[in-house]
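The file structure.tsv contains TSV, C-alpha atoms:
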chain	number	residue	atom	x	y	z
A	19	GLU	CA	-1.92	-50.77	159.02
A	20	LEU	CA	-4.49	-53.04	157.41
A	21	GLY	CA	-7.42	-52.01	159.57
A	22	TYR	CA	-7.68	-55.23	161.54
A	23	SER	CA	-8.35	-55.35	165.27
A	24	ILE	CA	-5.89	-57.41	167.28
A	25	ALA	CA	-6.84	-59.30	170.44
A	26	ILE	CA	-4.24	-61.15	172.49
A	27	HIS	CA	-5.14	-63.85	175.01
A	28	ALA	CA	-2.99	-63.58	178.13
A	29	VAL	CA	-3.44	-64.85	181.68
A	30	LYS	CA	-0.14	-64.76	183.56
A	31	THR	CA	1.63	-61.51	184.44
A	32	ASN	CA	4.56	-62.07	182.08
A	33	SER	CA	2.34	-62.95	179.12
A	34	ILE	CA	0.15	-59.91	179.86
A	35	GLN	CA	3.25	-57.71	179.79
A	36	SER	CA	4.34	-59.18	176.47
A	37	ALA	CA	0.84	-58.53	175.14
A	38	ILE	CA	0.93	-54.89	176.30
A	39	GLU	CA	4.28	-54.40	174.59
A	40	ALA	CA	2.76	-55.70	171.33
A	41	ARG	CA	0.12	-52.91	171.56
A	42	PRO	CA	-3.02	-54.88	170.63
A	43	ASP	CA	-6.51	-53.43	170.59
A	44	SER	CA	-7.52	-55.68	173.48
A	45	ILE	CA	-6.21	-58.19	175.98
A	46	GLU	CA	-8.50	-61.13	176.66
A	47	HIS	CA	-8.62	-62.76	180.11
A	48	GLY	CA	-5.88	-60.78	181.94
A	49	THR	CA	-6.55	-62.85	185.04
A	50	ASN	CA	-3.32	-61.79	186.81
A	51	LEU	CA	-3.28	-58.18	185.62
A	52	THR	CA	-1.16	-55.98	187.93
A	53	LEU	CA	-1.90	-52.40	188.94
A	54	ASN	CA	1.02	-51.14	186.82
A	55	GLN	CA	-0.30	-53.10	183.85
A	56	MET	CA	-3.73	-51.55	184.37
A	57	ASN	CA	-2.09	-48.13	184.15
A	58	GLU	CA	-0.38	-49.18	180.91
A	59	LEU	CA	-3.66	-50.43	179.43
A	60	SER	CA	-5.30	-47.12	180.25
A	61	HIS	CA	-2.41	-45.05	178.88
A	62	GLN	CA	-2.19	-47.08	175.66
A	63	ASN	CA	-5.97	-47.23	175.21
A	64	ILE	CA	-5.99	-51.06	175.21
A	65	PHE	CA	-9.32	-52.69	176.07
A	66	TRP	CA	-9.43	-55.37	178.76
A	67	VAL	CA	-11.83	-58.26	178.16
A	68	PRO	CA	-11.91	-60.22	181.44
A	69	SER	CA	-13.34	-63.68	180.99
A	70	PHE	CA	-15.83	-64.84	183.54
A	71	SER	CA	-16.66	-67.69	181.18
A	72	SER	CA	-13.26	-69.24	181.90
A	73	VAL	CA	-14.25	-69.49	185.56
A	74	ALA	CA	-16.83	-72.19	186.22
A	75	PHE	CA	-19.76	-71.05	188.32
A	76	GLY	CA	-21.84	-73.12	190.70
A	77	SER	CA	-21.01	-75.92	193.07
A	78	ALA	CA	-18.61	-77.60	190.63
A	79	ARG	CA	-16.01	-74.83	191.04
A	80	THR	CA	-12.60	-75.82	192.30
A	81	LYS	CA	-10.72	-73.85	194.94
A	82	HIS	CA	-8.51	-72.43	192.19
A	83	GLN	CA	-11.53	-71.30	190.16
A	84	ARG	CA	-13.06	-69.62	193.22
A	85	GLU	CA	-9.77	-67.79	193.86
A	86	GLU	CA	-9.60	-66.66	190.21
A	87	GLU	CA	-13.18	-65.42	190.37
A	88	LYS	CA	-12.49	-63.46	193.58
A	89	SER	CA	-9.31	-61.98	192.11
A	90	LEU	CA	-11.10	-60.94	188.95
A	91	CYS	CA	-13.92	-59.30	190.92
A	92	GLU	CA	-11.33	-57.36	192.97
A	93	ARG	CA	-9.45	-56.21	189.86
A	94	LEU	CA	-12.49	-54.83	187.99
A	95	PRO	CA	-13.05	-51.74	190.19
A	96	GLN	CA	-9.28	-51.15	190.41
A	97	ALA	CA	-9.03	-51.13	186.62
A	98	GLN	CA	-12.08	-48.89	186.29
A	99	LYS	CA	-10.55	-46.34	188.70
A	100	ARG	CA	-7.44	-46.27	186.49
A	101	GLY	CA	-9.46	-45.59	183.36
A	102	VAL	CA	-9.10	-49.01	181.74
A	103	LYS	CA	-11.75	-49.63	179.11
A	104	ILE	CA	-13.45	-52.88	180.16
A	105	VAL	CA	-15.64	-54.80	177.77
A	106	PHE	CA	-17.29	-58.21	177.93
A	107	GLY	CA	-17.89	-60.56	175.08
Structure translated into structure tokens:
Amino acid sequence: ELGYSIAIHAVKTNSIQSAIEARPDSIEHGTNLTLNQMNELSHQNIFWVPSFSSVAFGSARTKHQREEEKSLCERLPQAQKRGVKIVFG
């Protein structure tokens, strides 16, 4: 180990799973994180860095962006209950 921190950007469920299997220090975005994947993040001590910045705010938001924002807001407390370390940056 060289002492570097590894962050993997993943959005879709299958890419998130691949990221978990690679055992990074953090997973960025994680927009479609499942409950089972949250459990894995907690167990493996992997940080989740959800990205609100990838979701446009204000009246210019598309329907898809509003759905992503809602989904992300629903996942945050679920992840917290499972012991996932959540950080923002």
Once 5 Å is added on each side, what centre and edge lengths in Å to one decimal does the axis-aligned box around all listed atoms of stretch 48-55 of chain A have, as lines of an AutoDock Vina configuration file?
center_x = -2.8
center_y = -57.0
center_z = 185.4
size_x = 17.6
size_y = 21.7
size_z = 17.0
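Rounded to one decimal, atom CA of A:Phe65 and atom CA of A:Glu87 lie 19.5 Å from each other.
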Inset, instruction - Do a neighbour search on stretch 27-40 of chain A at 7 Å with all atoms listed in the file, toss out local chain neighbours closer than 5 positions, and write the hits as an MDAnalysis selection string. - result: chainID A and resid 45:51
Legend entry - Within 12 Å of A:Ala97 using only C-alpha atoms, minus same-chain residues under 2 positions, as JSON, numbers by chain: {"A": [48, 51, 52, 53, 54, 55, 56, 57, 58, 59, 60, 61, 64, 65, 66, 67, 68, 90, 91, 92, 93, 94, 95, 99, 100, 101, 102, 103, 104, 105]}
Legend entry - Given all atoms listed in the file as the counted atoms, nearest of A:Ser44, A:Gln98, A:Thr80, A:Ser89 to A:Asn63: A:Ser44
Inset, instruction - Could you please determine the separation between atom CA of A:Lys88 and atom CA of A:Ile24 in Å, to one decimal place? - result: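 Between atom CA of A:Lys88 and atom CA of A:Ile24 the gap is 27.8 Å.
Of note, atom CA of A:Ile26 and atom CA of A:Phe70 are spaced 16.4 Å apart.
Distance check against A:Phe106 using all atoms listed in the file: of A:Pro42, A:Glu86, A:Ser69, A:Leu20, the minimum falls on A:Ser69.
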Dump stretch 75-95 of chain A with N, CA, C and O atoms to a file, as a short mmCIF file (atom, residue, chain, number, x, y, z; two decimals), in the first residue's frame.
data_model
loop_
_atom_site.label_atom_id
_atom_site.label_comp_id
_atom_site.auth_asym_id
_atom_site.auth_seq_id
_atom_site.Cartn_x
_atom_site.Cartn_y
_atom_site.Cartn_z
N PHE A 75 -30.05 22.92 -9.33
CA PHE A 75 -31.10 23.44 -8.47
C PHE A 75 -31.75 24.64 -9.15
O PHE A 75 -31.18 25.28 -10.00
N GLY A 76 -32.97 24.94 -8.72
CA GLY A 76 -33.67 26.09 -9.26
C GLY A 76 -34.66 25.70 -10.33
O GLY A 76 -34.92 24.53 -10.59
N SER A 77 -35.18 26.68 -11.00
CA SER A 77 -36.24 26.45 -11.98
C SER A 77 -35.75 25.78 -13.25
O SER A 77 -36.55 25.28 -14.02
N ALA A 78 -34.44 25.73 -13.46
CA ALA A 78 -33.91 25.13 -14.69
C ALA A 78 -33.81 23.61 -14.61
O ALA A 78 -33.42 22.97 -15.57
N ARG A 79 -34.17 23.02 -13.48
CA ARG A 79 -34.05 21.58 -13.32
C ARG A 79 -35.00 20.84 -14.25
O ARG A 79 -36.14 21.22 -14.43
N THR A 80 -34.50 19.74 -14.79
CA THR A 80 -35.34 18.88 -15.62
C THR A 80 -36.09 17.91 -14.71
O THR A 80 -35.77 17.77 -13.52
N LYS A 81 -37.05 17.21 -15.26
CA LYS A 81 -37.79 16.20 -14.49
C LYS A 81 -36.82 15.14 -13.96
O LYS A 81 -36.91 14.74 -12.80
N HIS A 82 -35.89 14.72 -14.78
CA HIS A 82 -34.90 13.72 -14.37
C HIS A 82 -34.06 14.24 -13.19
O HIS A 82 -33.81 13.51 -12.23
N GLN A 83 -33.64 15.48 -13.25
CA GLN A 83 -32.83 16.05 -12.17
C GLN A 83 -33.64 16.15 -10.87
O GLN A 83 -33.11 15.89 -9.79
N ARG A 84 -34.92 16.50 -10.98
CA ARG A 84 -35.77 16.55 -9.79
C ARG A 84 -35.94 15.16 -9.18
O ARG A 84 -35.92 14.99 -7.96
N GLU A 85 -36.09 14.14 -10.03
CA GLU A 85 -36.21 12.77 -9.55
C GLU A 85 -34.92 12.30 -8.87
O GLU A 85 -34.97 11.64 -7.83
N GLU A 86 -33.76 12.65 -9.46
CA GLU A 86 -32.48 12.29 -8.85
C GLU A 86 -32.32 12.97 -7.49
O GLU A 86 -31.85 12.36 -6.53
N GLU A 87 -32.69 14.23 -7.41
CA GLU A 87 -32.59 14.97 -6.16
C GLU A 87 -33.47 14.32 -5.09
O GLU A 87 -33.03 14.11 -3.95
N LYS A 88 -34.70 13.98 -5.44
CA LYS A 88 -35.62 13.34 -4.49
C LYS A 88 -35.06 12.00 -4.04
O LYS A 88 -35.06 11.68 -2.84
N SER A 89 -34.56 11.22 -4.96
CA SER A 89 -33.99 9.91 -4.65
C SER A 89 -32.81 10.05 -3.70
O SER A 89 -32.68 9.30 -2.74
N LEU A 90 -31.95 10.99 -3.98
CA LEU A 90 -30.78 11.22 -3.14
C LEU A 90 -31.20 11.62 -1.73
O LEU A 90 -30.68 11.11 -0.74
N CYS A 91 -32.18 12.50 -1.62
CA CYS A 91 -32.66 12.95 -0.31
C CYS A 91 -33.30 11.80 0.47
O CYS A 91 -33.21 11.75 1.69
N GLU A 92 -33.92 10.85 -0.23
CA GLU A 92 -34.50 9.68 0.43
C GLU A 92 -33.42 8.70 0.88
O GLU A 92 -33.56 8.04 1.92
N ARG A 93 -32.34 8.60 0.13
CA ARG A 93 -31.28 7.64 0.44
C ARG A 93 -30.40 8.09 1.61
O ARG A 93 -29.85 7.26 2.33
N LEU A 94 -30.24 9.37 1.80
CA LEU A 94 -29.35 9.86 2.88
C LEU A 94 -29.73 9.31 4.26
O LEU A 94 -28.87 8.74 4.94
N PRO A 95 -30.98 9.45 4.71
CA PRO A 95 -31.31 8.91 6.04
C PRO A 95 -31.23 7.39 6.09
O PRO A 95 -30.88 6.82 7.12
#
